[in-house]
Amino acid sequence: MVLRSEGMILNTTSSGFSAVLSTATTTLVHYLNLPPAALEAFSTYSRIVTTMDKLTLGLYAFSPALYYAVVLCTLLGPVLATLRWVVYRLFYADAYKVLGKQFVVTGACGALGTNLCIELARRGAHTLVLWDIRDEALATTKNLLETEFPNLRLRVKKVNFLSTQAVRDAANEIMQDDTLDIDVLVNVAGIFFSGTIAQPTDAEEHATIQVNYLAQTHLLKLFIPYMEAKNKGHIVGVASAAAFNAGAGMASYCASKFALRAYYEAVACELVMSRSPVTVSVFCPGAFESKLFQGFEFPLVPAMNATSVARALVNLSIERRFALSIFPRYLVPLPLTSSILAAFGRMLVIPINPLSNWKGLGYARETLGQ
């Protein structure tokens, strides 16, 4: 009886609010002599509010405890976000700034890598060590950075990420250089081959796993002891939104990114348990404009600009050092939806191949020298 009474009060309040909102918006439109389109917009908003009222009432009727839990989370969310921001500004902002730091960037000459180097230089990085598999691209990126940022110290090296020994040699070269004191390693290097499971060759699938996953695991094994000896350091791995939800036409790519995210999470656990001064982050962006992703088409989700992705990477994974970041934020519900479906023995299957018109095969093969 008590619950029914509370429900009536809630119903009256919600209905009253909707009625007041409808009357107020109609009066405002007529008073300001706004066009009919404005009235239609306000009416649509009023219908949305009414629908939300009904959903709220349904949730309350289903479980008052769940209703109050949702309300509490809604109220606490902004408070916790503000508290996190205050703690960051007071204790970590200066220590995590790019200014004066030394970086190693792998895959530095791709769309994301080049924009990342530019963003780091703009924020005052002291030294950038650029690794890429292509000589001409390295020379072009180096000339660009030297022209725009004459005070930036640059090192460039061609590294074949298909070779485990080449990756180890490049890392050891840095560690034995007394003029370098690397603060942050950013693993951007990656490769992609689209097609049904029968289309990529064995060599292309091996290259995908080697470049996207194994090369990074070798670098973490080498750089973590190096950074621990200096009592500082941060490592960023660029995974993908595909590290949470696999899609048609990119089975091997998704597998490599799933593995990469899991590897970083396991490493993060070990670093916390050992109280290591080194931290790791995983950055998971959606598709962005690049030669590698030419032809990407997904309804309502256009490919992003690589500059904005690079800026987000610096903000979230380097300067704030979030352990896990998904960008853009509207992709966050996807892994949550997958988890909910998994509880019922289901998978999130999206019957769309966004890469059915993929045009990046030539670039991918050229990058690997095939």
# chains A, B, ... in the order shown; residues from 1 in each chain; ligands from 1
>>> closest_atom_pairs(of="region 212-279 of chain A", to="region 107-117 of chain A", cutoff="12 Å", atoms="only C-alpha atoms", output="tab-separated table")
residue	atom	partner	partner_atom	distance
A:Asn212	CA	A:Gly107	CA	10.7
A:Ala215	CA	A:Gly107	CA	11.5
A:Gln216	CA	A:Gly107	CA	11.5
A:Gly237	CA	A:Gly107	CA	11.6
A:Val238	CA	A:Leu112	CA	10.0
>>> residues_around(residues="region 119-129 of chain A", least_positions_apart="5", cutoff="7 Å", atoms="only C-alpha atoms", output="number ranges by chain")
A: 98-105, 149, 152-156, 311
>>> residues_around(residues="region 350-359 of chain A", least_positions_apart="2", cutoff="8 Å", atoms="only C-alpha atoms", output="PDB file with N, CA and C atoms, in the first residue's frame")
ATOM      1  N   SER A 194      41.848  -6.300 -44.528  1.00  0.00           N
ATOM      2  CA  SER A 194      40.416  -6.581 -44.474  1.00  0.00           C
ATOM      3  C   SER A 194      40.067  -7.738 -45.398  1.00  0.00           C
ATOM      4  N   GLY A 195      38.913  -8.326 -45.143  1.00  0.00           N
ATOM      5  CA  GLY A 195      38.423  -9.407 -45.985  1.00  0.00           C
ATOM      6  C   GLY A 195      37.773 -10.496 -45.144  1.00  0.00           C
ATOM      7  N   GLY A 247      34.058  -7.349 -35.655  1.00  0.00           N
ATOM      8  CA  GLY A 247      33.162  -7.051 -36.765  1.00  0.00           C
ATOM      9  C   GLY A 247      33.525  -7.842 -37.998  1.00  0.00           C
ATOM     10  N   ALA A 248      32.583  -7.913 -38.914  1.00  0.00           N
ATOM     11  CA  ALA A 248      32.809  -8.645 -40.161  1.00  0.00           C
ATOM     12  C   ALA A 248      33.926  -8.000 -40.965  1.00  0.00           C
ATOM     13  N   GLY A 249      34.709  -8.828 -41.631  1.00  0.00           N
ATOM     14  CA  GLY A 249      35.744  -8.323 -42.524  1.00  0.00           C
ATOM     15  C   GLY A 249      37.058  -7.998 -41.857  1.00  0.00           C
ATOM     16  N   LEU A 292      45.276   3.623 -44.635  1.00  0.00           N
ATOM     17  CA  LEU A 292      45.044   2.228 -44.284  1.00  0.00           C
ATOM     18  C   LEU A 292      43.553   1.906 -44.197  1.00  0.00           C
ATOM     19  N   PHE A 293      42.736   2.907 -43.805  1.00  0.00           N
ATOM     20  CA  PHE A 293      41.304   2.669 -43.626  1.00  0.00           C
ATOM     21  C   PHE A 293      40.467   3.313 -44.737  1.00  0.00           C
ATOM     22  N   GLN A 294      41.049   3.468 -45.908  1.00  0.00           N
ATOM     23  CA  GLN A 294      40.284   4.011 -47.031  1.00  0.00           C
ATOM     24  C   GLN A 294      39.113   3.090 -47.365  1.00  0.00           C
ATOM     25  N   GLY A 295      37.939   3.686 -47.512  1.00  0.00           N
ATOM     26  CA  GLY A 295      36.764   2.903 -47.847  1.00  0.00           C
ATOM     27  C   GLY A 295      35.934   2.484 -46.652  1.00  0.00           C
ATOM     28  N   PHE A 296      36.357   2.879 -45.440  1.00  0.00           N
ATOM     29  CA  PHE A 296      35.577   2.540 -44.246  1.00  0.00           C
ATOM     30  C   PHE A 296      34.226   3.253 -44.291  1.00  0.00           C
ATOM     31  N   GLU A 297      33.161   2.489 -44.138  1.00  0.00           N
ATOM     32  CA  GLU A 297      31.808   3.058 -44.153  1.00  0.00           C
ATOM     33  C   GLU A 297      30.955   2.325 -43.134  1.00  0.00           C
ATOM     34  N   PHE A 298      30.469   3.078 -42.154  1.00  0.00           N
ATOM     35  CA  PHE A 298      29.582   2.491 -41.154  1.00  0.00           C
ATOM     36  C   PHE A 298      28.443   3.476 -40.906  1.00  0.00           C
ATOM     37  N   LEU A 348      26.950  -9.807 -29.305  1.00  0.00           N
ATOM     38  CA  LEU A 348      26.520  -8.625 -30.043  1.00  0.00           C
ATOM     39  C   LEU A 348      26.977  -8.802 -31.492  1.00  0.00           C
ATOM     40  N   LEU A 361      44.348  -2.035 -49.279  1.00  0.00           N
ATOM     41  CA  LEU A 361      45.189  -3.215 -49.414  1.00  0.00           C
ATOM     42  C   LEU A 361      46.555  -2.876 -50.004  1.00  0.00           C
ATOM     43  N   GLY A 362      46.561  -2.067 -51.059  1.00  0.00           N
ATOM     44  CA  GLY A 362      47.823  -1.701 -51.693  1.00  0.00           C
ATOM     45  C   GLY A 362      48.749  -0.988 -50.729  1.00  0.00           C
TER      46      GLY A 362
END
>>> closest_atom_pairs(of="region 209-306 of chain A", to="region 196-203 of chain A", cutoff="12 Å", atoms="only C-alpha atoms", output="tab-separated table")
residue	atom	partner	partner_atom	distance
A:Ile209	CA	A:Ala203	CA	10.1
A:Gln210	CA	A:Ala203	CA	10.3
A:Val211	CA	A:Ala203	CA	11.9
A:Gly247	CA	A:Thr196	CA	10.5
A:Ala248	CA	A:Thr196	CA	7.3
A:Gly249	CA	A:Thr196	CA	5.0
A:Met250	CA	A:Thr196	CA	7.2
A:Ala251	CA	A:Ile197	CA	6.6
A:Ser252	CA	A:Ile197	CA	8.1
A:Tyr253	CA	A:Pro200	CA	10.8
A:Cys254	CA	A:Ile197	CA	11.8
A:Ala255	CA	A:Ile197	CA	11.9
